[in-house]
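What's in coords27.tsv: TSV, C-alpha atoms and all ligand atoms
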```tsv
chain	number	residue	atom	x	y	z
A	245	MET	CA	19.92	-24.87	16.20
A	246	ALA	CA	21.63	-21.68	15.14
A	247	SER	CA	20.43	-18.24	14.23
A	248	ALA	CA	21.92	-15.93	11.64
A	249	THR	CA	23.55	-12.91	13.21
A	250	PRO	CA	25.54	-10.10	11.63
A	251	GLU	CA	28.75	-11.53	13.09
A	252	ALA	CA	30.37	-11.88	9.68
A	253	ASP	CA	31.12	-9.04	7.31
A	254	PRO	CA	28.08	-8.74	5.00
A	255	GLU	CA	30.29	-7.20	2.30
A	256	ASN	CA	32.44	-10.29	2.14
A	257	PHE	CA	30.92	-12.00	-0.88
A	258	GLN	CA	30.78	-11.89	-4.65
A	259	VAL	CA	27.72	-12.45	-6.83
A	260	LEU	CA	28.06	-15.36	-9.27
A	261	GLN	CA	24.41	-15.58	-10.31
A	262	GLY	CA	21.23	-13.69	-9.39
A	263	PRO	CA	20.29	-10.04	-8.80
A	264	LYS	CA	22.78	-7.38	-7.73
A	265	ARG	CA	22.98	-7.36	-3.97
A	266	ALA	CA	24.55	-3.97	-3.30
A	267	ASP	CA	21.22	-2.46	-2.23
A	268	ILE	CA	20.60	-4.84	0.65
A	269	ALA	CA	19.46	-2.71	3.55
A	270	ARG	CA	21.64	-2.74	6.62
A	271	ASP	CA	18.69	-1.94	8.91
A	272	ARG	CA	17.35	-5.46	8.31
A	273	TYR	CA	19.31	-6.69	11.34
A	274	ASP	CA	16.56	-5.44	13.59
A	275	CYS	CA	13.58	-6.72	11.66
A	276	ARG	CA	14.35	-10.29	10.67
A	277	VAL	CA	14.96	-13.28	12.92
A	278	ILE	CA	15.58	-16.63	11.29
A	279	GLN	CA	16.46	-19.96	12.83
A	280	PHE	CA	18.42	-22.62	10.97
A	281	VAL	CA	17.08	-25.93	12.24
A	282	ASP	CA	17.99	-28.33	9.44
A	283	HIS	CA	21.61	-29.28	8.64
A	284	GLU	CA	22.69	-32.07	6.36
A	285	ASP	CA	26.18	-32.73	5.06
A	286	GLY	CA	26.73	-34.15	1.59
A	287	THR	CA	23.46	-32.60	0.40
A	288	ALA	CA	22.07	-29.61	-1.50
A	289	LEU	CA	18.54	-28.39	-2.19
A	290	VAL	CA	17.97	-28.07	-5.94
A	291	GLY	CA	15.56	-26.22	-8.20
A	292	HIS	CA	14.95	-23.25	-5.87
A	293	VAL	CA	18.18	-21.24	-6.10
A	294	ILE	CA	17.50	-17.49	-6.10
A	295	ALA	CA	21.14	-16.34	-5.89
A	296	LYS	CA	24.60	-17.86	-6.15
A	297	LEU	CA	27.47	-16.16	-4.30
A	298	LYS	CA	31.17	-16.63	-3.73
A	299	VAL	CA	31.81	-16.50	0.03
A	300	PRO	CA	34.78	-17.17	2.35
A	301	ASN	CA	32.92	-19.38	4.83
A	302	GLU	CA	29.62	-20.90	5.96
A	303	ASN	CA	28.80	-18.04	8.35
A	304	VAL	CA	28.77	-15.53	5.50
A	305	CYS	CA	26.56	-17.88	3.50
A	306	ARG	CA	23.99	-18.01	6.33
A	307	LEU	CA	24.25	-14.24	6.76
A	308	GLN	CA	23.50	-13.68	3.08
A	309	CYS	CA	20.43	-15.86	3.44
A	310	PHE	CA	19.37	-13.76	6.44
A	311	LEU	CA	19.80	-10.59	4.37
A	312	ASP	CA	17.68	-11.83	1.47
A	313	ASP	CA	14.00	-11.57	2.41
A	314	ASP	CA	13.08	-14.49	0.16
A	315	CYS	CA	15.85	-16.86	1.31
A	316	VAL	CA	14.89	-19.69	3.67
A	317	SER	CA	17.75	-22.16	3.14
A	318	CYS	CA	21.24	-22.32	1.66
A	319	ASN	CA	23.71	-24.73	0.09
A	320	PHE	CA	27.37	-24.26	0.98
A	321	GLY	CA	30.25	-26.00	-0.75
A	322	PRO	CA	33.60	-25.68	-2.49
A	323	SER	CA	33.98	-23.65	-5.66
A	324	GLU	CA	34.37	-25.71	-8.81
A	325	THR	CA	37.10	-23.36	-9.91
A	326	GLY	CA	39.00	-23.31	-6.60
A	327	GLY	CA	39.48	-20.38	-4.24
A	328	ASP	CA	36.45	-19.19	-2.28
A	329	ASN	CA	33.43	-21.34	-1.54
A	330	VAL	CA	30.05	-21.15	-3.24
A	331	CYS	CA	26.84	-20.26	-1.41
A	332	GLU	CA	23.46	-20.88	-3.03
A	333	LEU	CA	20.44	-19.16	-1.51
A	334	ASN	CA	17.13	-21.01	-1.85
A	335	ASN	CA	13.50	-19.98	-1.51
A	336	SER	CA	12.38	-23.42	-0.32
A	337	THR	CA	13.05	-25.77	2.59
A	338	ASP	CA	11.09	-28.67	1.16
A	339	ARG	CA	13.26	-31.75	1.74
A	340	LYS	CA	11.85	-33.50	-1.30
A	341	HIS	CA	14.18	-31.24	-3.32
A	342	LEU	CA	17.30	-32.45	-1.46
A	343	ARG	CA	19.91	-34.29	-3.54
A	344	ARG	CA	23.25	-35.85	-2.69
A	345	ARG	CA	26.11	-33.44	-3.50
A	346	LYS	CA	29.64	-34.21	-2.39
A	347	TYR	CA	31.38	-31.81	0.03
A	348	HIS	CA	28.26	-29.62	0.26
A	349	THR	CA	26.11	-28.77	3.25
A	350	PHE	CA	22.43	-27.89	3.20
A	351	GLN	CA	21.08	-25.62	5.93
A	352	GLY	CA	17.37	-25.03	6.21
A	353	SER	CA	15.52	-22.58	8.41
A	354	GLU	CA	12.36	-23.43	10.33
A	355	ASN	CA	10.54	-21.57	7.50
A	356	THR	CA	7.04	-20.99	8.82
A	357	CYS	CA	6.01	-20.07	5.26
A	358	GLN	CA	6.15	-23.77	4.37
A	359	SER	CA	2.51	-24.13	5.39
A	360	ALA	CA	1.49	-21.36	2.92
A	361	PRO	CA	-0.29	-19.17	5.51
A	362	CYS	CA	-0.88	-16.20	3.16
A	363	ILE	CA	-4.09	-16.37	1.17
A	364	ASN	CA	-5.38	-14.61	-1.97
A	365	ASN	CA	-1.98	-15.09	-3.66
A	366	GLY	CA	-0.16	-13.18	-0.90
A	367	LYS	CA	3.62	-13.77	-0.87
A	368	CYS	CA	4.96	-15.20	2.40
A	369	GLN	CA	8.34	-14.12	3.80
A	370	TYR	CA	9.75	-16.02	6.76
A	371	GLY	CA	11.43	-14.33	9.75
A	372	PHE	CA	9.39	-11.15	10.02
A	373	THR	CA	6.97	-9.90	12.71
A	374	ASP	CA	6.04	-11.58	16.01
A	375	LYS	CA	4.27	-14.38	14.19
A	376	THR	CA	7.57	-15.28	12.40
A	377	PHE	CA	6.35	-14.49	8.88
A	378	ARG	CA	4.74	-11.70	6.93
A	379	CYS	CA	2.45	-11.64	3.91
A	380	LEU	CA	2.98	-9.26	0.98
A	381	CYS	CA	-0.50	-8.78	-0.40
A	382	PRO	CA	-1.40	-8.28	-4.07
A	383	VAL	CA	-3.27	-5.13	-5.10
A	384	GLY	CA	-6.82	-5.18	-3.73
A	385	PHE	CA	-6.09	-7.22	-0.58
A	386	GLU	CA	-4.89	-6.34	2.91
A	387	GLY	CA	-4.60	-7.82	6.41
A	388	GLU	CA	-1.98	-10.00	8.14
A	389	LEU	CA	-2.83	-12.95	5.88
A	390	CYS	CA	-4.15	-10.87	2.93
A	391	GLU	CA	-7.55	-12.10	4.06
A	392	ARG	CA	-9.44	-8.84	3.54
A	393	GLU	CA	-10.31	-7.03	0.38
A	394	GLU	CA	-8.85	-3.54	0.47
A	395	CYS	CA	-11.47	-0.86	0.99
A	396	THR	CA	-11.23	2.64	-0.48
A	397	LEU	CA	-11.15	5.72	1.75
A	398	PHE	CA	-10.72	9.29	0.51
A	399	ASP	CA	-10.60	11.48	3.64
A	400	PHE	CA	-8.38	14.31	2.24
A	401	GLU	CA	-6.19	14.24	5.37
A	402	HIS	CA	-3.02	13.87	3.26
A	403	GLY	CA	-3.58	16.18	0.29
A	404	LEU	CA	-4.61	15.34	-3.26
A	405	SER	CA	-1.64	13.32	-4.52
A	406	GLY	CA	-2.75	11.26	-7.52
A	407	TRP	CA	-5.92	13.29	-8.11
A	408	MET	CA	-6.53	15.05	-11.42
A	409	ILE	CA	-7.63	18.68	-11.44
A	410	THR	CA	-9.15	20.57	-14.38
A	411	GLY	CA	-10.14	24.24	-14.26
A	412	THR	CA	-9.56	26.32	-11.13
A	413	ALA	CA	-12.38	25.41	-8.72
A	414	PHE	CA	-10.22	22.97	-6.73
A	415	ASN	CA	-6.88	24.81	-6.79
A	416	ASN	CA	-6.99	25.66	-3.09
A	417	GLN	CA	-8.02	22.24	-1.86
A	418	PRO	CA	-8.26	20.53	0.48
A	419	THR	CA	-9.50	23.07	3.01
A	420	TYR	CA	-8.24	23.15	6.59
A	421	GLY	CA	-10.70	23.30	9.50
A	422	ASP	CA	-14.24	24.62	9.77
A	423	ASN	CA	-13.73	27.71	7.61
A	424	PRO	CA	-17.48	28.54	7.31
A	425	THR	CA	-17.69	28.83	11.10
A	426	ALA	CA	-14.50	30.91	11.13
A	427	ARG	CA	-16.30	33.51	9.04
A	428	ASN	CA	-19.50	33.21	11.13
A	429	ARG	CA	-21.51	31.62	8.33
A	430	GLY	CA	-23.80	29.88	10.81
A	431	GLU	CA	-23.54	26.61	8.87
A	432	PRO	CA	-20.66	24.50	10.25
A	433	SER	CA	-18.94	22.33	7.64
A	434	LYS	CA	-19.35	19.13	9.73
A	435	HIS	CA	-16.25	17.62	8.09
A	436	LYS	CA	-14.27	14.72	9.55
A	437	GLY	CA	-10.62	15.03	10.59
A	438	ASP	CA	-8.88	18.32	9.76
A	439	TRP	CA	-9.21	18.47	5.97
A	440	TRP	CA	-12.07	18.40	3.47
A	441	ILE	CA	-13.08	19.73	0.07
A	442	GLY	CA	-14.69	23.17	0.53
A	443	GLY	CA	-15.25	24.69	-2.90
A	444	TYR	CA	-16.10	28.18	-1.57
A	445	GLU	CA	-13.20	28.28	0.88
A	446	ASN	CA	-9.67	29.59	0.60
A	447	ARG	CA	-7.78	28.10	3.51
A	448	PRO	CA	-5.30	25.58	2.04
A	449	SER	CA	-3.15	25.42	5.19
A	450	PRO	CA	-3.37	26.24	8.90
A	451	SER	CA	-1.07	29.22	8.30
A	452	HIS	CA	-3.58	30.85	5.97
A	453	ILE	CA	-5.95	33.26	7.70
A	454	ALA	CA	-9.13	31.47	8.78
A	455	GLY	CA	-12.37	32.57	7.15
A	456	ARG	CA	-11.01	33.65	3.75
A	457	THR	CA	-12.97	32.53	0.66
A	458	GLN	CA	-12.51	32.11	-3.08
A	459	GLY	CA	-16.26	32.31	-3.72
A	460	ASP	CA	-18.44	30.62	-6.36
A	461	GLY	CA	-16.64	31.96	-9.45
A	462	PRO	CA	-14.07	29.21	-10.20
A	463	GLN	CA	-15.20	26.13	-12.10
A	464	GLY	CA	-13.54	22.78	-12.69
A	465	THR	CA	-13.39	19.11	-11.81
A	466	LEU	CA	-11.50	16.99	-9.31
A	467	THR	CA	-11.08	13.30	-10.21
A	468	SER	CA	-9.73	10.61	-7.88
A	469	PRO	CA	-7.16	7.93	-8.68
A	470	SER	CA	-8.72	4.70	-9.96
A	471	PHE	CA	-9.78	2.07	-7.42
A	472	VAL	CA	-11.33	-1.38	-7.60
A	473	ILE	CA	-14.78	-1.76	-6.05
A	474	SER	CA	-14.74	-4.55	-3.49
A	475	GLY	CA	-17.54	-3.47	-1.13
A	476	HIS	CA	-21.28	-3.14	-1.52
A	477	ALA	CA	-21.69	0.61	-0.90
A	478	PHE	CA	-19.96	3.94	-0.41
A	479	LYS	CA	-20.86	6.56	2.17
A	480	PHE	CA	-19.67	10.15	2.06
A	481	LEU	CA	-20.33	13.68	3.35
A	482	ILE	CA	-21.62	16.23	0.86
A	483	GLY	CA	-22.76	19.87	1.05
A	484	GLY	CA	-22.79	23.13	-0.90
A	485	SER	CA	-25.05	23.50	-3.96
A	486	CYS	CA	-28.45	21.85	-4.33
A	487	ARG	CA	-28.51	21.94	-8.16
A	488	ILE	CA	-27.21	18.60	-9.38
A	489	ALA	CA	-27.07	19.72	-13.04
A	490	GLU	CA	-24.34	22.24	-12.12
A	491	ILE	CA	-22.60	20.93	-9.01
A	492	ARG	CA	-22.29	17.28	-8.11
A	493	ALA	CA	-20.24	14.30	-7.02
A	494	GLU	CA	-20.15	11.41	-9.49
A	495	LEU	CA	-19.15	7.78	-9.29
A	496	LEU	CA	-17.61	6.60	-12.55
A	497	VAL	CA	-17.44	2.86	-13.21
A	498	GLU	CA	-15.25	1.97	-16.18
A	499	GLY	CA	-15.57	5.60	-17.29
A	500	ASN	CA	-19.38	5.80	-17.11
A	501	VAL	CA	-21.29	7.84	-14.51
A	502	VAL	CA	-23.40	5.43	-12.45
A	503	HIS	CA	-24.27	7.61	-9.43
A	504	GLN	CA	-24.62	11.34	-8.78
A	505	ALA	CA	-25.27	13.41	-5.65
A	506	THR	CA	-25.28	17.05	-4.60
A	507	GLY	CA	-25.87	19.06	-1.42
A	508	ARG	CA	-28.86	20.90	0.06
A	509	CYS	CA	-27.76	24.51	-0.51
A	510	SER	CA	-26.09	24.52	2.88
A	511	GLU	CA	-22.42	24.61	3.84
A	512	SER	CA	-23.12	21.85	6.37
A	513	MET	CA	-22.40	18.45	4.91
A	514	ILE	CA	-24.67	15.47	5.42
A	515	GLU	CA	-24.02	11.78	4.90
A	516	ARG	CA	-25.19	10.12	1.70
A	517	ASN	CA	-24.77	6.56	0.34
A	518	TRP	CA	-24.31	4.93	-3.03
A	519	ASP	CA	-25.18	1.27	-3.51
A	520	VAL	CA	-22.59	-0.46	-5.68
A	521	THR	CA	-23.74	-4.06	-5.57
A	522	GLY	CA	-23.42	-5.19	-9.14
A	523	TYR	CA	-20.13	-3.33	-9.68
A	524	LYS	CA	-17.85	-5.60	-7.66
A	525	ASN	CA	-14.27	-5.86	-9.00
A	526	LYS	CA	-14.91	-3.05	-11.52
A	527	VAL	CA	-12.52	-0.11	-11.79
A	528	ALA	CA	-14.05	3.15	-10.57
A	529	GLN	CA	-13.27	6.81	-9.90
A	530	LEU	CA	-14.87	9.57	-7.87
A	531	ARG	CA	-15.32	12.92	-9.65
A	532	LEU	CA	-16.41	16.27	-8.20
A	533	VAL	CA	-17.89	18.67	-10.75
A	534	ASP	CA	-18.28	22.47	-10.46
A	535	SER	CA	-19.71	23.88	-13.71
A	536	THR	CA	-21.19	27.18	-12.57
A	537	SER	CA	-20.12	30.55	-11.21
A	538	GLY	CA	-23.62	31.46	-9.99
A	539	GLY	CA	-25.04	31.36	-6.45
A	540	TRP	CA	-24.29	28.17	-4.50
A	541	GLY	CA	-21.79	27.38	-7.26
A	542	HIS	CA	-19.56	25.15	-5.16
A	543	ILE	CA	-19.39	21.69	-3.64
A	544	ASN	CA	-18.36	20.54	-0.17
A	545	PHE	CA	-17.20	16.96	0.20
A	546	ASP	CA	-15.38	14.67	2.67
A	547	HIS	CA	-14.79	11.12	3.88
A	548	PHE	CA	-15.68	8.92	0.90
A	549	GLU	CA	-15.60	5.47	2.47
A	550	GLU	CA	-16.23	2.06	0.97
A	551	ILE	CA	-18.41	-0.25	3.04
A	552	CYS	CA	-16.88	-3.70	2.71
A	553	ASN	CA	-18.57	-5.79	5.41
B	1	CA	CA	-11.43	14.72	6.14
B	2	CA	CA	-18.05	27.45	-9.02
```
Would you write out, as structure tokens, the structure that this file holds?
Ligand SMILES: [Ca+2]
Ligand SMILES: [Ca+2]
Amino acid sequence: MASATPEADPENFQVLQGPKRADIARDRYDCRVIQFVDHEDGTALVGHVIAKLKVPNENVCRLQCFLDDDCVSCNFGPSETGGDNVCELNNSTDRKHLRRRKYHTFQGSENTCQSAPCINNGKCQYGFTDKTFRCLCPVGFEGELCEREECTLFDFEHGLSGWMITGTAFNNQPTYGDNPTARNRGEPSKHKGDWWIGGYENRPSPSHIAGRTQGDGPQGTLTSPSFVISGHAFKFLIGGSCRIAEIRAELLVEGNVVHQATGRCSESMIERNWDVTGYKNKVAQLRLVDSTSGGWGHINFDHFEEICN
């Protein structure tokens, strides 16, 4: 048994076939551990070559396999044209693909991906994490084995990247901290975390003076990135206006509004729920609407969370 280590110079190779390899990350040394447990002279694994390289020796061949996240075995042998040797990197260790090939050596890792542990079409890569493999999950799935459907959470703790803004009502969002209490409003925002959508507020960072407001004048909309519905409900915190015709949160499914909610004419947010059974796997968006400059012409909103279990 042997393990690949960075003992050989990783630059000491030349690509004959396959993707450019100049961008291989050097920090991989610390995150991948692979064990070569299968060694057979006079043999090569066929039909699963992902790269073909010119290398000076067998150590560099094994090292290149170690550096390629999808490589789990390699074929090493003489170059047909003389000079350096040829190293083929494979994405399989299945011995049924072994064929006799003169002067070549097959080396296979213990490849714990052979048992296909990742589900829901997750891609398995051997040699990562304490469990010796990792799963790269397709969109909509998460978890160590891609076993869980990904659940949406908009908590506004990291800004509004990917959100679409129209008008000016949401220009200063999200809001930091309990700004209503900072101006002695007597109605605490009751947000979660540090950040939330406070349509009346004007405190877009901790360095802005607490308690400042932009008032009810601005109007506009704030629309989330698209997400796929995988749960059976959403819960969220909502406050501000109590007139749903003017100020509201909307759930759009395939572009159509299927749910609406508004506040109670109080800055303090309360929890509300939307049932989305019947919309599973449909593409949806959350939209906040402010279409008035009159009294209570703003929306407060936070922690839109999909309930998946
Ligand atoms: Ca929040
Ligand atoms: Ca307004």
Legend entry - Protein and nucleic acid residues within 9 Å of ligand CA 1 (chain B) (all atoms listed in the file) as an NGL selection string: :A and (398-402 or 418 or 435-441 or 545-548)
Write a file of the selected residues as a compact mmCIF listing (two decimals), keeping the file's coordinate frame, keeping C-alpha atoms.
```txt
# COMPACT_ATOMS: atom_id res chain seq x y z
CA PHE A 398 -10.72 9.29 0.51
CA ASP A 399 -10.60 11.48 3.64
CA PHE A 400 -8.38 14.31 2.24
CA GLU A 401 -6.19 14.24 5.37
CA HIS A 402 -3.02 13.87 3.26
CA PRO A 418 -8.26 20.53 0.48
CA HIS A 435 -16.25 17.62 8.09
CA LYS A 436 -14.27 14.72 9.55
CA GLY A 437 -10.62 15.03 10.59
CA ASP A 438 -8.88 18.32 9.76
CA TRP A 439 -9.21 18.47 5.97
CA TRP A 440 -12.07 18.40 3.47
CA ILE A 441 -13.08 19.73 0.07
CA PHE A 545 -17.20 16.96 0.20
CA ASP A 546 -15.38 14.67 2.67
CA HIS A 547 -14.79 11.12 3.88
CA PHE A 548 -15.68 8.92 0.90
```
Inset, instruction - For A:Gly507, list every protein, DNA or RNA residue within 12 Å, evaluated using only C-alpha atoms, and leave out those in the same chain fewer than 6 positions away; present the list as an MDAnalysis selection string. - result: chainID A and resid 433 480:493 513:516 532 540:545
Legend entry - Residues within 7 Å of ligand CA 2 (chain B), counting only C-alpha atoms and all ligand atoms, as JSON, numbers by chain: {"A": [413, 460, 461, 462, 463, 534, 535, 536, 537, 538, 541, 542]}
The selected residues should be written to file as a compact mmCIF listing (two decimals), keeping the file's coordinate frame (atoms: C-alpha atoms).
```
# COMPACT_ATOMS: atom_id res chain seq x y z
CA ALA A 413 -12.38 25.41 -8.72
CA ASP A 460 -18.44 30.62 -6.36
CA GLY A 461 -16.64 31.96 -9.45
CA PRO A 462 -14.07 29.21 -10.20
CA GLN A 463 -15.20 26.13 -12.10
CA ASP A 534 -18.28 22.47 -10.46
CA SER A 535 -19.71 23.88 -13.71
CA THR A 536 -21.19 27.18 -12.57
CA SER A 537 -20.12 30.55 -11.21
CA GLY A 538 -23.62 31.46 -9.99
CA GLY A 541 -21.79 27.38 -7.26
CA HIS A 542 -19.56 25.15 -5.16
```
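Straight-line separation from atom CA of A:Pro300 to atom CA of A:Lys340: 28.4 Å.
For the residues A:Cys357, A:Val299, A:Leu496, A:Leu342, ranking by smallest atom-to-atom distance to A:Gly286 using only C-alpha atoms places A:Leu342 first.
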Report the centre and edge lengths, in Å to one decimal, of an axis-aligned box enclosing every atom of stretch 360-379 of chain A listed in the file, padded by 3 Å on each side, as AutoDock Vina command-line options.
```
--center_x 3.0 --center_y -15.6 --center_z 6.2 --size_x 22.8 --size_y 17.5 --size_z 25.7
```
Inset, instruction - Rank A:Ser317, A:Gln369, A:Asn428, A:Thr457 by their smallest atom-to-atom distance to A:Ser336, using all atoms listed in the file, and report the top residue only. - result: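 Closest to A:Ser336 of all the choices is A:Ser317.
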Legend entry - Residue neighbourhood stretch 363-367 of chain A, 7 Å, only C-alpha atoms, exclusion window fewer than 3 positions, as a ChimeraX atom specification: /A:379-382,389-391
Inset, instruction - Can you work out which one of A:Ala288, A:Ile294, A:Val383, A:Ala477 has the shortest atom-to-atom distance to A:Asn319, counting only C-alpha atoms? - result: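 Looking at the shortest contact to A:Asn319, the residue is A:Ala288.
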Legend entry - Closest of A:Gly384, A:Gly406, A:Gly539, A:Gly326 to A:Pro469 - atom-to-atom distances counting all atoms listed in the file: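 Once distances to A:Pro469 are computed over all atoms listed in the file, the minimum belongs to A:Gly406.
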Inset, instruction - Please indicate the distance in Å from atom CA of A:Leu311 to atom CA of A:Val281, rounded to one decimal place. - result: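 One can read the atom CA of A:Leu311 to atom CA of A:Val281 distance as 17.5 Å.
Between A:Cys368 and the residues A:Thr506, A:Asn416, A:Thr356, A:Ser512, the shortest atom-to-atom distance, using all atoms listed in the file, involves A:Thr356.
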Inset, instruction - Write out as number ranges by chain the residues lying within 9 Å of A:Cys318, counting all atoms listed in the file and excluding same-chain residues fewer than 4 positions away. - result: A: 288-289, 293, 305-306, 309, 331-335, 337, 349-353
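Rounded to one decimal, atom CA of A:Val259 and atom CA of A:Leu297 lie 4.5 Å from each other.
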Within 8 Å of A:Trp407 using only C-alpha atoms, minus same-chain residues under 2 positions, as an mmCIF file with C-alpha atoms, in the coordinates of the input:
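File written: part13.cif
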```cif
data_model
loop_
_atom_site.group_PDB
_atom_site.id
_atom_site.type_symbol
_atom_site.label_atom_id
_atom_site.label_comp_id
_atom_site.auth_asym_id
_atom_site.auth_seq_id
_atom_site.Cartn_x
_atom_site.Cartn_y
_atom_site.Cartn_z
ATOM 1 C CA LEU A 404 -4.610 15.340 -3.260
ATOM 2 C CA SER A 405 -1.640 13.320 -4.520
ATOM 3 C CA ILE A 409 -7.630 18.680 -11.440
ATOM 4 C CA LEU A 466 -11.500 16.990 -9.310
ATOM 5 C CA THR A 467 -11.080 13.300 -10.210
ATOM 6 C CA SER A 468 -9.730 10.610 -7.880
ATOM 7 C CA PRO A 469 -7.160 7.930 -8.680
#
```
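For the residues A:Val316, A:Trp518, A:Cys509, A:Arg378, ranking by smallest atom-to-atom distance to A:Cys362 using only C-alpha atoms places A:Arg378 first.
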